[in-house]
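See structure below.
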Amino acid sequence: MPILSTHAAELLNKDFGATNYTATATWYVGLRAGGTELSGNGYARVAVTNNTTNFPNIAANIMVNGTVITFPAASADWATADEVCLFIASSGGTPKYTGILDSPVTVRSGQTRQFAAGDLKIKFI
């Protein structure tokens with residue numbers, strides 16, 4: 001049985017800045033290549049405070065980021081990332097949400113990777 005759209009919206013709102021339980025205070029955005037998180041060369045997960053500015057209430061069962069998310073500058077080329085993930089820790093652990101990037105991306109030495117507001121979309125089907 002599929003989840004009702006109204007209940008899916010309630011669950012997303014609870015995970016991203018809601019009330020009825022203690023949601024994570026900070027989400028950590030990471031990149032993976034072939035299922036393995038990137039590492040080295042200046043790569044680090046990006047901390048995003050869990051609030052309704054960074055994750056506005058959803059519409060049409062889709063949660064989006066409300067602000068720009070910028071990774072640190074690469075000190076050398078990163079592996080080609082094909083996936084974005086949301087973690088509840090700054091390192092280690094299993095992602096809570098994952099998604100395939102529209103196009104794989106390699107961050108070159110001196111460059112950063114950015115997700116504009118609205119680029120990350122988390123959806124309950």
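Chain labels follow the order of the structure tokens: the first chain is A, the next B, and so on; residue numbering restarts at 1 in every chain, and ligands are counted from 1 in their shown order.
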Query raised in the report: If you count only C-alpha atoms, which residues fall within 9 Å of Gly40 of chain A, apart from same-chain ones fewer than 2 positions away, as a list of chain:residue names?
Result: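 That gives A:Leu38, A:Gly42, A:Tyr43, A:Ala44, A:Ala74, A:Ser75, A:Ala76, A:Trp78.
Scanning segment 2-89 of chain A with DSSP on the backbone, the strand (DSSP E) assignments fall on Thr26, Trp27, Tyr28, Val29, Gly30, Leu31, Arg32, Ala33, Thr36, Glu37, Val46, Ala47, Val48, Thr49, Ile62, Met63, Val64, Ile69, Thr70, Ala81, Asp82, Glu83, Val84, Cys85, Leu86 and Phe87 of chain A.
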Kindly export the residues of the current selection with C-alpha atoms, as an mmCIF file, in the first residue's frame.
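New file result.cif:
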```cif
data_model
loop_
_atom_site.group_PDB
_atom_site.id
_atom_site.type_symbol
_atom_site.label_atom_id
_atom_site.label_comp_id
_atom_site.auth_asym_id
_atom_site.auth_seq_id
_atom_site.Cartn_x
_atom_site.Cartn_y
_atom_site.Cartn_z
ATOM 1 C CA THR A 26 22.382 19.518 11.887
ATOM 2 C CA TRP A 27 22.358 17.676 8.563
ATOM 3 C CA TYR A 28 25.689 16.955 6.866
ATOM 4 C CA VAL A 29 25.672 16.963 3.073
ATOM 5 C CA GLY A 30 28.163 14.609 1.470
ATOM 6 C CA LEU A 31 29.143 13.343 -1.971
ATOM 7 C CA ARG A 32 29.772 9.757 -3.050
ATOM 8 C CA ALA A 33 31.331 8.059 -6.056
ATOM 9 C CA THR A 36 31.739 5.320 -1.504
ATOM 10 C CA GLU A 37 31.984 8.728 0.106
ATOM 11 C CA VAL A 46 28.934 20.443 4.707
ATOM 12 C CA ALA A 47 27.045 21.161 7.933
ATOM 13 C CA VAL A 48 23.563 22.593 7.420
ATOM 14 C CA THR A 49 21.549 23.663 10.451
ATOM 15 C CA ILE A 62 9.177 17.356 -1.983
ATOM 16 C CA MET A 63 11.612 18.860 0.518
ATOM 17 C CA VAL A 64 14.196 21.224 -0.966
ATOM 18 C CA ILE A 69 25.146 24.631 0.173
ATOM 19 C CA THR A 70 28.848 25.051 -0.667
ATOM 20 C CA ALA A 81 30.863 12.198 -7.591
ATOM 21 C CA ASP A 82 27.618 10.683 -8.824
ATOM 22 C CA GLU A 83 25.555 10.820 -5.636
ATOM 23 C CA VAL A 84 24.626 13.289 -2.896
ATOM 24 C CA CYS A 85 23.796 12.148 0.647
ATOM 25 C CA LEU A 86 22.450 13.556 3.892
ATOM 26 C CA PHE A 87 24.053 12.299 7.099
#
```
Query raised in the report: chain A: which residues are helix (DSSP H, G or I) by DSSP, as number ranges by chain?
Result: A: 5-15
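Distances here use only C-alpha atoms; by that measure, the residue among A:Pro72, A:Gly99, A:Pro56, A:Gly17 closest to Arg113 of chain A is A:Pro72.
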Find the residues around Gly66 of chain A up to 8 Å (only C-alpha atoms counted), leave out those fewer than 2 positions away in its own chain, and share them as a PDB file with all heavy atoms, in the first residue's frame.
```pdb
ATOM      1  N   THR A  52      13.803  25.836   9.363  1.00  0.00           N
ATOM      2  CA  THR A  52      12.910  26.092   8.230  1.00  0.00           C
ATOM      3  C   THR A  52      13.457  27.126   7.252  1.00  0.00           C
ATOM      4  O   THR A  52      12.863  27.330   6.202  1.00  0.00           O
ATOM      5  CB  THR A  52      11.506  26.503   8.706  1.00  0.00           C
ATOM      6  OG1 THR A  52      11.614  27.637   9.569  1.00  0.00           O
ATOM      7  CG2 THR A  52      10.827  25.353   9.441  1.00  0.00           C
ATOM      8  N   THR A  53      14.572  27.753   7.567  1.00  0.00           N
ATOM      9  CA  THR A  53      15.248  28.595   6.574  1.00  0.00           C
ATOM     10  C   THR A  53      16.012  27.701   5.607  1.00  0.00           C
ATOM     11  O   THR A  53      15.915  27.851   4.393  1.00  0.00           O
ATOM     12  CB  THR A  53      16.220  29.583   7.252  1.00  0.00           C
ATOM     13  OG1 THR A  53      15.470  30.440   8.111  1.00  0.00           O
ATOM     14  CG2 THR A  53      16.973  30.410   6.219  1.00  0.00           C
ATOM     15  N   ASN A  54      16.770  26.763   6.156  1.00  0.00           N
ATOM     16  CA  ASN A  54      17.572  25.869   5.322  1.00  0.00           C
ATOM     17  C   ASN A  54      16.743  24.760   4.682  1.00  0.00           C
ATOM     18  O   ASN A  54      17.100  24.257   3.613  1.00  0.00           O
ATOM     19  CB  ASN A  54      18.710  25.263   6.140  1.00  0.00           C
ATOM     20  CG  ASN A  54      19.716  26.308   6.556  1.00  0.00           C
ATOM     21  OD1 ASN A  54      19.964  27.269   5.842  1.00  0.00           O
ATOM     22  ND2 ASN A  54      20.291  26.132   7.727  1.00  0.00           N
ATOM     23  N   PHE A  55      15.665  24.366   5.334  1.00  0.00           N
ATOM     24  CA  PHE A  55      14.762  23.333   4.816  1.00  0.00           C
ATOM     25  C   PHE A  55      13.323  23.799   5.030  1.00  0.00           C
ATOM     26  O   PHE A  55      12.684  23.423   6.011  1.00  0.00           O
ATOM     27  CB  PHE A  55      15.000  21.988   5.521  1.00  0.00           C
ATOM     28  CG  PHE A  55      16.395  21.450   5.327  1.00  0.00           C
ATOM     29  CD1 PHE A  55      17.344  21.569   6.324  1.00  0.00           C
ATOM     30  CD2 PHE A  55      16.748  20.834   4.134  1.00  0.00           C
ATOM     31  CE1 PHE A  55      18.635  21.075   6.147  1.00  0.00           C
ATOM     32  CE2 PHE A  55      18.032  20.343   3.939  1.00  0.00           C
ATOM     33  CZ  PHE A  55      18.977  20.467   4.948  1.00  0.00           C
ATOM     34  N   PRO A  56      12.799  24.641   4.121  1.00  0.00           N
ATOM     35  CA  PRO A  56      11.429  25.158   4.277  1.00  0.00           C
ATOM     36  C   PRO A  56      10.404  24.019   4.268  1.00  0.00           C
ATOM     37  O   PRO A  56      10.669  22.926   3.771  1.00  0.00           O
ATOM     38  CB  PRO A  56      11.247  26.048   3.049  1.00  0.00           C
ATOM     39  CG  PRO A  56      12.614  26.313   2.529  1.00  0.00           C
ATOM     40  CD  PRO A  56      13.459  25.143   2.925  1.00  0.00           C
ATOM     41  N   VAL A  64      13.043  20.655  -0.262  1.00  0.00           N
ATOM     42  CA  VAL A  64      14.196  21.224  -0.966  1.00  0.00           C
ATOM     43  C   VAL A  64      15.032  22.040   0.020  1.00  0.00           C
ATOM     44  O   VAL A  64      14.539  22.477   1.052  1.00  0.00           O
ATOM     45  CB  VAL A  64      13.780  22.124  -2.159  1.00  0.00           C
ATOM     46  CG1 VAL A  64      12.986  21.341  -3.183  1.00  0.00           C
ATOM     47  CG2 VAL A  64      13.003  23.333  -1.688  1.00  0.00           C
ATOM     48  N   VAL A  68      21.867  28.136  -0.213  1.00  0.00           N
ATOM     49  CA  VAL A  68      22.991  27.565  -0.966  1.00  0.00           C
ATOM     50  C   VAL A  68      23.826  26.681  -0.045  1.00  0.00           C
ATOM     51  O   VAL A  68      24.065  27.030   1.115  1.00  0.00           O
ATOM     52  CB  VAL A  68      23.874  28.694  -1.561  1.00  0.00           C
ATOM     53  CG1 VAL A  68      25.105  28.129  -2.240  1.00  0.00           C
ATOM     54  CG2 VAL A  68      23.061  29.533  -2.532  1.00  0.00           C
ATOM     55  N   ALA A 117      19.960  27.035  -3.840  1.00  0.00           N
ATOM     56  CA  ALA A 117      18.695  26.826  -3.136  1.00  0.00           C
ATOM     57  C   ALA A 117      17.713  26.142  -4.086  1.00  0.00           C
ATOM     58  O   ALA A 117      17.571  26.543  -5.240  1.00  0.00           O
ATOM     59  CB  ALA A 117      18.138  28.162  -2.660  1.00  0.00           C
ATOM     60  N   GLY A 118      17.100  25.082  -3.614  1.00  0.00           N
ATOM     61  CA  GLY A 118      16.134  24.342  -4.414  1.00  0.00           C
ATOM     62  C   GLY A 118      16.729  23.206  -5.222  1.00  0.00           C
ATOM     63  O   GLY A 118      15.990  22.430  -5.832  1.00  0.00           O
TER      64      GLY A 118
END
```
Query raised in the report: So which residues touch Asp119 of chain A within 7 Å, counting only C-alpha atoms, skipping near sequence neighbours fewer than 3 positions away, as an NGL selection string?
Result: :A and (64-65 or 115-116)
I need the chosen residues saved as a PDB file, in the first residue's frame, with all heavy atoms.
```pdb
ATOM      1  N   VAL A  64      13.043  20.655  -0.262  1.00  0.00           N
ATOM      2  CA  VAL A  64      14.196  21.224  -0.966  1.00  0.00           C
ATOM      3  C   VAL A  64      15.032  22.040   0.020  1.00  0.00           C
ATOM      4  O   VAL A  64      14.539  22.477   1.052  1.00  0.00           O
ATOM      5  CB  VAL A  64      13.780  22.124  -2.159  1.00  0.00           C
ATOM      6  CG1 VAL A  64      12.986  21.341  -3.183  1.00  0.00           C
ATOM      7  CG2 VAL A  64      13.003  23.333  -1.688  1.00  0.00           C
ATOM      8  N   ASN A  65      16.300  22.231  -0.337  1.00  0.00           N
ATOM      9  CA  ASN A  65      17.135  23.111   0.475  1.00  0.00           C
ATOM     10  C   ASN A  65      16.737  24.559   0.197  1.00  0.00           C
ATOM     11  O   ASN A  65      16.512  24.950  -0.942  1.00  0.00           O
ATOM     12  CB  ASN A  65      18.621  22.882   0.183  1.00  0.00           C
ATOM     13  CG  ASN A  65      19.005  23.096  -1.268  1.00  0.00           C
ATOM     14  OD1 ASN A  65      18.402  22.516  -2.170  1.00  0.00           O
ATOM     15  ND2 ASN A  65      20.012  23.913  -1.498  1.00  0.00           N
ATOM     16  N   PHE A 115      25.380  23.572  -4.294  1.00  0.00           N
ATOM     17  CA  PHE A 115      23.982  23.283  -4.616  1.00  0.00           C
ATOM     18  C   PHE A 115      23.216  24.566  -4.353  1.00  0.00           C
ATOM     19  O   PHE A 115      23.175  25.047  -3.215  1.00  0.00           O
ATOM     20  CB  PHE A 115      23.427  22.155  -3.744  1.00  0.00           C
ATOM     21  CG  PHE A 115      24.031  20.811  -4.047  1.00  0.00           C
ATOM     22  CD1 PHE A 115      25.014  20.271  -3.231  1.00  0.00           C
ATOM     23  CD2 PHE A 115      23.610  20.087  -5.153  1.00  0.00           C
ATOM     24  CE1 PHE A 115      25.576  19.033  -3.507  1.00  0.00           C
ATOM     25  CE2 PHE A 115      24.168  18.847  -5.446  1.00  0.00           C
ATOM     26  CZ  PHE A 115      25.146  18.322  -4.626  1.00  0.00           C
ATOM     27  N   ALA A 116      22.628  25.131  -5.385  1.00  0.00           N
ATOM     28  CA  ALA A 116      21.825  26.343  -5.227  1.00  0.00           C
ATOM     29  C   ALA A 116      20.573  26.016  -4.418  1.00  0.00           C
ATOM     30  O   ALA A 116      20.168  24.851  -4.316  1.00  0.00           O
ATOM     31  CB  ALA A 116      21.437  26.896  -6.599  1.00  0.00           C
TER      32      ALA A 116
END
```
Query raised in the report: Looking at only C-alpha atoms, which of A:Ala73, A:Ala89, A:Ala79, A:Ala23 is the one that sits closest to Pro104 of chain A?
Result: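 Among the listed residues, A:Ala79 lies closest to Pro104 of chain A.
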